[in-house]
Amino acid sequence: MILANTKHVLIIDDAALVRAYYRQTLEQAGYRVDEALNGLEALEKILLHSFDLLIVDINMPQMDGLTFLRTLRDKEPPLSAIPALVTSTEAGQQDIASARAAGANYYVVKPLKRELLTELVGMLCGVTA
Amino acid sequence: MNEFVEQFLLEARELIEQAAGDLLALEQRPDDPDRVDSVFRAFHTLKGAAGIVEFEAMGRALHAVEGVLTGVRSKESALSTTMIDECLACLDQVTRWLDDMEVTGKVPTEARPAADAIVQRFLGITRPAASGLQVGDWLARLQEASPGHFSEAQTALRYLPHADAFFRGEDPLAFIRELPGLVSIELALSDPATPFDDIDPFTCGMEILALSKADAEAVTRSLADVSDQIEVHAIRPRTASDAALAPLARSILEAQILLLREPRQSGGSGQAASAGQVSINVCRHAGIDPAADQIAAALNSDDIASIIKAIEHALQNQQGDVSAEKSEQPRIPSSATARVLRVETTRIDTLVNLTGELTVVKNALGHLATQAQSGLDTKAVAGTLRRLQMQLDRLVGEVQRAVLRIRVVPMRQMFQRFPRPVREISAGVGKSVTFAVEGEDTEADTAIVEALFEPLLHVLRNSIDHGVEDFGQRIASGKPPTATIVLRAFRELDNVIVEVEDDGRGVDVDRVREVAVTRGLVEADTLERMTDADIVDLIFASGFSTAREVTGLSGRGVGMDAVRTAVERLGGRVSIDSRSSIGTVVRLTLPFTVMIARVMTIEAAGQAFGIPLDAVVETAMIPRDRIVPIGQAMAFAWRGRTVPLVSLAASLGLTSHVSTNAAEARVVITVAGGQLGAIEVERLGERMDVMIKPMDGLLGGMSGVAGTTLLGDGRVLIVLDVQELFN
Amino acid sequence: MTVTRVDKGKIELAGTCPSDDAETLFQFLLEDRSAEVDWSRCERAHTAVIQVLLASGCKITGALGGNFLGEYIDAALRRAGGKIRPFPAGL
């Protein structure tokens, strides 16, 4: 049952395992979840549904996360304004800066603990009690 | 040793202490920018120092930590308990490397694997979860079930009603309904495996978890009637109170500000809009709607600057307790490594002055000698000599005192080492403890301060492990759920007193009595006549360690008896003052001044003696036929000199354990006052540094003895005054 | 009457349900494991009643937004729903 205020999250990551893990975690927390394997697929999906948050992995074939993000931010509102959480295996200053320059709202390092994921998604989507 | 290495070791240890202190402070207040700066600088400086001594692995490891701390400093990431733990663990590893270097004098060769491990851990460090400590599985479940609620709550609670609660007419959920600041509830069956058919609807088998915005005290009070069935845990124990933003939320908001400051991409307005939206979301999530509305209004205006302002406003307002008092940053003095001391220059100046005065006396003596040689009459010589001797007597006393003053350091440097182990021990046994320190400026001899660490640590461990009751018990007895342990030091006349006070359950007198009898420490009838205070004191008796004390924690083969021995070896004493269910005070009384002598230990007539090493020339085996009587004494020829021989056994009127028929006598050849002497001994022992309690009062007049001390095995060591011995 | 079996497959909780209702509810659910419980007219319920709901894993409808049950208990029961064993097979 999808209630009016259920938040909708799109997971963009080429690893099936990661997508499954995030999906399971977030669905259990009451979110509606969709998946995309790369940036191209993601661009298609955001035209079909209205998402509250995108979780984007940086390293993906065919269109990496940052390129996708730049493309997204360049579009017309409201698409361009969708909050985006970037995930990566790197923790360097440069990586964080690049992600921000591409338009990422927040940056986390993988692997991501369940509690952190749900907490973060809750805040970024503005879930209230 | 590379001349830089010694300096490096000294400075590195100081930096480590500084960093550790900052990290622990940050655990209480993660947002303190001065502390963040300080810890960053400490790691940064440590890294630089590693470079100077060419310790590549250490530099690499510290670089990784520095990288993470840079992110914290620039507010891109928030400091989590995990990060703090990892930083502390890194400091531990560095300390181990330093210890290694101290011994070998060189950079450790096998450091790379450990350094790699540190680098790995810091690269993989995830951004912080909003709340740190997990006490017990239920708290974790609660957090996982509704993390959104968790981050706004101040208190978590677990309510396990008795099975017969319903029969007793209780309605557990009705209590929860009345909970102040209720945020959410989780329900679970204590035994979910029971088939539905077998359930007894009138037996309560539920677990109720709840989150509340109110503080732990309020929650506990509200559930006072069922206090024995609940477990209350404060989520944000000491820091921000209501309405403060969780560190993660702050971190996200700060990231949005940075994003808003990014130069706009070609025509795109997406990043500003998304940043605004995220900020609004975070505020709504945290329940601070006015801030969210303000940001929304700014967003409509499309003016980046005002959006940023609105977000900053949200951050500032929700800072929680922004107290005006700056937490003091004590300059941490040298953690007195055994051989090096930092000393106040005034104390050195005093010594210099005394040296000057001694020189004057020395010159006077020289002059007197010349006069005597050129025929000054004996009486005049004697007069001047007497005067000079008195001056010398006074000066030597002053020099002694001055030297002791140099050795005196404040307790602070040792007290500083405790917060971390206390924190770990408390966490290890799942108890909540506030640790306070008083009188850190109290001074005592550096040897004492150093030597007190281990015994005090053991007393603290004991206090946390046994003295402090667990949560439920404390609440049931109306005590605050968090125990308080105070470590305090103060001067009292000639003594330094160090106390460990807790507000725990006190010593269980009956149990002590029980154990004393079981272990045959005391006769049953003696026990009858002992007061409670005397019985409590039995804890220090050797052989007391009860089975309950031999936990992984307390059972390092160290009982309270070892504490007493250690303290007595320092010339002090330890006592315990316990009041049932109110608390316990363990009091260590130490002498303020001590004398340290480096001695060679020997045995004669079954008694242990110490001969100051600076009086020892050599040890030798002298054939008995070479020992001849001269007047009343014995002597022998040695290297062309006649050396008087003293037998300690004989001079003490004890029976020697060595037959005088033995072919050779074992002797220690000494020098004192320019004169050679020899002391016959039975056995030679090891060299050691001992703290001599100065002999005063009646025993001060005893000839031949400088003082006494306690050996590790409890025996008394008599330190000899060699000069007096041969008079 | 606070616990009623309305028609086949539906049980209603209304008003203030005391602890005794737990037994009644339990019996009803034993007889019909797939019954739905409607508590849209229920204002308060004793913990014993909630416990039966929790243990049965039954479907609950009609949560009122404005009261304790609707605001807290309903959500708690739903979150717990995933962890209670599913309907025994065959019933």
# chains A, B, ... in the order shown; residues from 1 in each chain; ligands from 1

$ select_by_dssp --residues "chain C" --states "helix (DSSP H, G or I)" --output "ChimeraX atom specification"
/C:21-31,47-56,68-81

$ write_last_selection --atoms "N, CA and C atoms" --output "compact mmCIF listing (two decimals), in the first residue's frame"
# COMPACT_ATOMS: atom_id res chain seq x y z
N ASP C 21 -11.21 -8.57 27.17
CA ASP C 21 -11.45 -8.68 25.73
C ASP C 21 -10.37 -9.47 25.03
N ALA C 22 -9.20 -9.54 25.67
CA ALA C 22 -8.11 -10.27 25.04
C ALA C 22 -8.51 -11.72 24.81
N GLU C 23 -9.16 -12.27 25.79
CA GLU C 23 -9.57 -13.67 25.68
C GLU C 23 -10.58 -13.84 24.54
N THR C 24 -11.54 -12.97 24.51
CA THR C 24 -12.58 -13.04 23.47
C THR C 24 -11.96 -12.92 22.08
N LEU C 25 -11.11 -11.91 21.94
CA LEU C 25 -10.45 -11.66 20.66
C LEU C 25 -9.63 -12.87 20.25
N PHE C 26 -8.93 -13.40 21.23
CA PHE C 26 -8.09 -14.58 20.99
C PHE C 26 -8.92 -15.73 20.43
N GLN C 27 -10.09 -15.98 21.07
CA GLN C 27 -10.96 -17.06 20.62
C GLN C 27 -11.41 -16.83 19.18
N PHE C 28 -11.85 -15.59 18.93
CA PHE C 28 -12.32 -15.26 17.58
C PHE C 28 -11.23 -15.53 16.56
N LEU C 29 -10.00 -15.11 16.89
CA LEU C 29 -8.92 -15.27 15.93
C LEU C 29 -8.52 -16.73 15.78
N LEU C 30 -8.64 -17.48 16.85
CA LEU C 30 -8.37 -18.91 16.76
C LEU C 30 -9.30 -19.58 15.77
N GLU C 31 -10.55 -19.14 15.86
CA GLU C 31 -11.54 -19.76 14.98
C GLU C 31 -11.33 -19.35 13.53
N THR C 47 -3.30 -3.50 27.10
CA THR C 47 -2.11 -4.14 26.52
C THR C 47 -2.36 -5.59 26.14
N ALA C 48 -3.17 -6.29 26.94
CA ALA C 48 -3.42 -7.71 26.65
C ALA C 48 -4.07 -7.86 25.28
N VAL C 49 -4.94 -6.92 24.95
CA VAL C 49 -5.60 -6.97 23.65
C VAL C 49 -4.58 -6.72 22.54
N ILE C 50 -3.74 -5.73 22.75
CA ILE C 50 -2.69 -5.42 21.77
C ILE C 50 -1.78 -6.62 21.57
N GLN C 51 -1.50 -7.30 22.67
CA GLN C 51 -0.62 -8.45 22.59
C GLN C 51 -1.20 -9.53 21.68
N VAL C 52 -2.49 -9.73 21.80
CA VAL C 52 -3.13 -10.73 20.95
C VAL C 52 -3.02 -10.31 19.48
N LEU C 53 -3.25 -9.03 19.23
CA LEU C 53 -3.14 -8.54 17.86
C LEU C 53 -1.73 -8.76 17.33
N LEU C 54 -0.77 -8.46 18.20
CA LEU C 54 0.63 -8.60 17.81
C LEU C 54 0.96 -10.04 17.47
N ALA C 55 0.50 -10.95 18.35
CA ALA C 55 0.85 -12.36 18.18
C ALA C 55 0.15 -12.98 16.98
N SER C 56 -1.03 -12.47 16.67
CA SER C 56 -1.78 -13.13 15.61
C SER C 56 -1.28 -12.73 14.23
N PHE C 68 -3.83 7.61 20.66
CA PHE C 68 -2.63 6.84 20.99
C PHE C 68 -2.49 5.60 20.11
N LEU C 69 -3.62 4.91 19.94
CA LEU C 69 -3.58 3.69 19.15
C LEU C 69 -3.17 3.99 17.72
N GLY C 70 -3.82 4.98 17.18
CA GLY C 70 -3.57 5.30 15.78
C GLY C 70 -2.17 5.85 15.56
N GLU C 71 -1.75 6.72 16.48
CA GLU C 71 -0.46 7.38 16.27
C GLU C 71 0.72 6.49 16.56
N TYR C 72 0.63 5.69 17.56
CA TYR C 72 1.82 4.93 17.96
C TYR C 72 1.68 3.42 17.78
N ILE C 73 0.58 2.88 18.28
CA ILE C 73 0.46 1.42 18.31
C ILE C 73 0.32 0.85 16.91
N ASP C 74 -0.48 1.55 16.10
CA ASP C 74 -0.69 1.05 14.75
C ASP C 74 0.65 0.92 14.01
N ALA C 75 1.47 1.97 14.07
CA ALA C 75 2.78 1.93 13.40
C ALA C 75 3.64 0.83 13.97
N ALA C 76 3.61 0.69 15.30
CA ALA C 76 4.45 -0.33 15.94
C ALA C 76 4.04 -1.71 15.48
N LEU C 77 2.73 -1.94 15.40
CA LEU C 77 2.26 -3.25 14.98
C LEU C 77 2.66 -3.52 13.54
N ARG C 78 2.57 -2.49 12.72
CA ARG C 78 2.94 -2.70 11.31
C ARG C 78 4.42 -2.99 11.18
N ARG C 79 5.24 -2.27 11.93
CA ARG C 79 6.68 -2.52 11.83
C ARG C 79 7.01 -3.91 12.35
N ALA C 80 6.27 -4.34 13.38
CA ALA C 80 6.54 -5.66 13.93
C ALA C 80 6.05 -6.74 13.00
N GLY C 81 5.09 -6.36 12.15
CA GLY C 81 4.44 -7.33 11.28
C GLY C 81 5.42 -8.18 10.50

$ interface_residues --of "chain B" --to "chain C" --cutoff "9 Å" --atoms "only C-alpha atoms" --output "number ranges by chain"
B: 145, 166, 169-174, 177, 183-189, 192-197, 199-206

$ residues_around --residues "Asp14 of chain A" --least-positions-apart "5" --cutoff "9 Å" --atoms "only C-alpha atoms" --output "number ranges by chain"
A: 19, 36-38, 57, 59-61

$ select_by_dssp --residues "chain C" --states "strand (DSSP E or B)" --output "VMD selection string"
chain C and resid 3 to 5 10 to 17 36 to 45 59 to 61

$ closest_residue --among "A:Ile58, A:Ala42, A:Ala29, A:Leu66" --to "chain B" --atoms "only C-alpha atoms"
A:Ala29

$ residues_around --residues "segment 3-17 of chain C" --least-positions-apart "3" --cutoff "6 Å" --atoms "only C-alpha atoms" --output "NGL selection string"
:C and (35-39 or 41-45)

$ write_last_selection --atoms "N, CA and C atoms" --output "PDB file, in the first residue's frame"
ATOM      1  N   ALA C  35      -9.138 -13.613   9.747  1.00  0.00           N
ATOM      2  CA  ALA C  35     -10.050 -12.489   9.982  1.00  0.00           C
ATOM      3  C   ALA C  35      -9.288 -11.185  10.054  1.00  0.00           C
ATOM      4  N   GLU C  36      -9.974 -10.132   9.643  1.00  0.00           N
ATOM      5  CA  GLU C  36      -9.410  -8.792   9.757  1.00  0.00           C
ATOM      6  C   GLU C  36      -9.980  -8.134  10.977  1.00  0.00           C
ATOM      7  N   VAL C  37      -9.204  -7.263  11.580  1.00  0.00           N
ATOM      8  CA  VAL C  37      -9.691  -6.552  12.758  1.00  0.00           C
ATOM      9  C   VAL C  37      -9.835  -5.070  12.409  1.00  0.00           C
ATOM     10  N   ASP C  38     -11.028  -4.564  12.680  1.00  0.00           N
ATOM     11  CA  ASP C  38     -11.276  -3.156  12.389  1.00  0.00           C
ATOM     12  C   ASP C  38     -11.372  -2.422  13.715  1.00  0.00           C
ATOM     13  N   TRP C  39     -10.502  -1.493  13.932  1.00  0.00           N
ATOM     14  CA  TRP C  39     -10.579  -0.778  15.202  1.00  0.00           C
ATOM     15  C   TRP C  39     -10.832   0.712  14.991  1.00  0.00           C
ATOM     16  N   ARG C  41     -13.383   2.291  15.489  1.00  0.00           N
ATOM     17  CA  ARG C  41     -14.177   2.924  16.541  1.00  0.00           C
ATOM     18  C   ARG C  41     -13.596   2.650  17.929  1.00  0.00           C
ATOM     19  N   CYS C  42     -12.364   2.195  17.912  1.00  0.00           N
ATOM     20  CA  CYS C  42     -11.775   1.856  19.204  1.00  0.00           C
ATOM     21  C   CYS C  42     -10.968   3.043  19.716  1.00  0.00           C
ATOM     22  N   GLU C  43     -11.217   3.369  20.985  1.00  0.00           N
ATOM     23  CA  GLU C  43     -10.474   4.505  21.538  1.00  0.00           C
ATOM     24  C   GLU C  43      -9.298   4.079  22.407  1.00  0.00           C
ATOM     25  N   ARG C  44      -9.527   3.078  23.221  1.00  0.00           N
ATOM     26  CA  ARG C  44      -8.430   2.581  24.062  1.00  0.00           C
ATOM     27  C   ARG C  44      -8.471   1.071  24.055  1.00  0.00           C
ATOM     28  N   ALA C  45      -7.332   0.446  24.239  1.00  0.00           N
ATOM     29  CA  ALA C  45      -7.285  -0.999  24.335  1.00  0.00           C
ATOM     30  C   ALA C  45      -6.209  -1.397  25.333  1.00  0.00           C
TER      31      ALA C  45
END

$ residues_around --residues "Ala216 of chain B" --least-positions-apart "3" --cutoff "7 Å" --atoms "only C-alpha atoms" --output "MDAnalysis selection string"
chainID B and resid 155 219:220 232:234

$ write_last_selection --atoms "N, CA and C atoms" --output "PDB file, in the first residue's frame"
ATOM      1  N   THR B 155      15.970   9.931  24.823  1.00  0.00           N
ATOM      2  CA  THR B 155      16.005   8.784  25.719  1.00  0.00           C
ATOM      3  C   THR B 155      15.396   7.577  25.037  1.00  0.00           C
ATOM      4  N   VAL B 219      11.894  10.494  32.114  1.00  0.00           N
ATOM      5  CA  VAL B 219      11.327   9.207  31.717  1.00  0.00           C
ATOM      6  C   VAL B 219      11.324   8.251  32.904  1.00  0.00           C
ATOM      7  N   THR B 220      12.453   8.224  33.599  1.00  0.00           N
ATOM      8  CA  THR B 220      12.561   7.321  34.733  1.00  0.00           C
ATOM      9  C   THR B 220      11.514   7.649  35.792  1.00  0.00           C
ATOM     10  N   VAL B 232      16.451   2.223  31.076  1.00  0.00           N
ATOM     11  CA  VAL B 232      16.430   3.530  30.422  1.00  0.00           C
ATOM     12  C   VAL B 232      17.826   3.865  29.938  1.00  0.00           C
ATOM     13  N   HIS B 233      17.897   4.368  28.727  1.00  0.00           N
ATOM     14  CA  HIS B 233      19.208   4.738  28.215  1.00  0.00           C
ATOM     15  C   HIS B 233      19.152   6.115  27.591  1.00  0.00           C
ATOM     16  N   ALA B 234      20.023   6.977  28.053  1.00  0.00           N
ATOM     17  CA  ALA B 234      20.074   8.322  27.481  1.00  0.00           C
ATOM     18  C   ALA B 234      20.803   8.256  26.149  1.00  0.00           C
TER      19      ALA B 234
END

$ interface_residues --of "chain A" --to "chain B" --cutoff "9 Å" --atoms "only C-alpha atoms" --output "PyMOL selection string"
chain A and resi 28-29+70+72-84+89-93+96+100-120+122-129

$ atom_distance --atom1 "atom CA of Leu717 of chain B" --atom2 "atom CA of Pro644 of chain B"
23.9 Å

$ residues_around --residues "segment 676-689 of chain B" --least-positions-apart "2" --cutoff "8 Å" --atoms "only C-alpha atoms" --output "ChimeraX atom specification"
/B:596-605,643-648,657-658,665-672,674,691,726

$ closest_residue --among "B:Leu223, B:Ala12, B:Ala663, B:Val103" --to "Pro161 of chain B" --atoms "only C-alpha atoms"
B:Leu223

$ closest_residue --among "A:Phe51, A:Ile11, A:Val18, A:Gly65" --to "Asp34 of chain A" --atoms "only C-alpha atoms"
A:Ile11
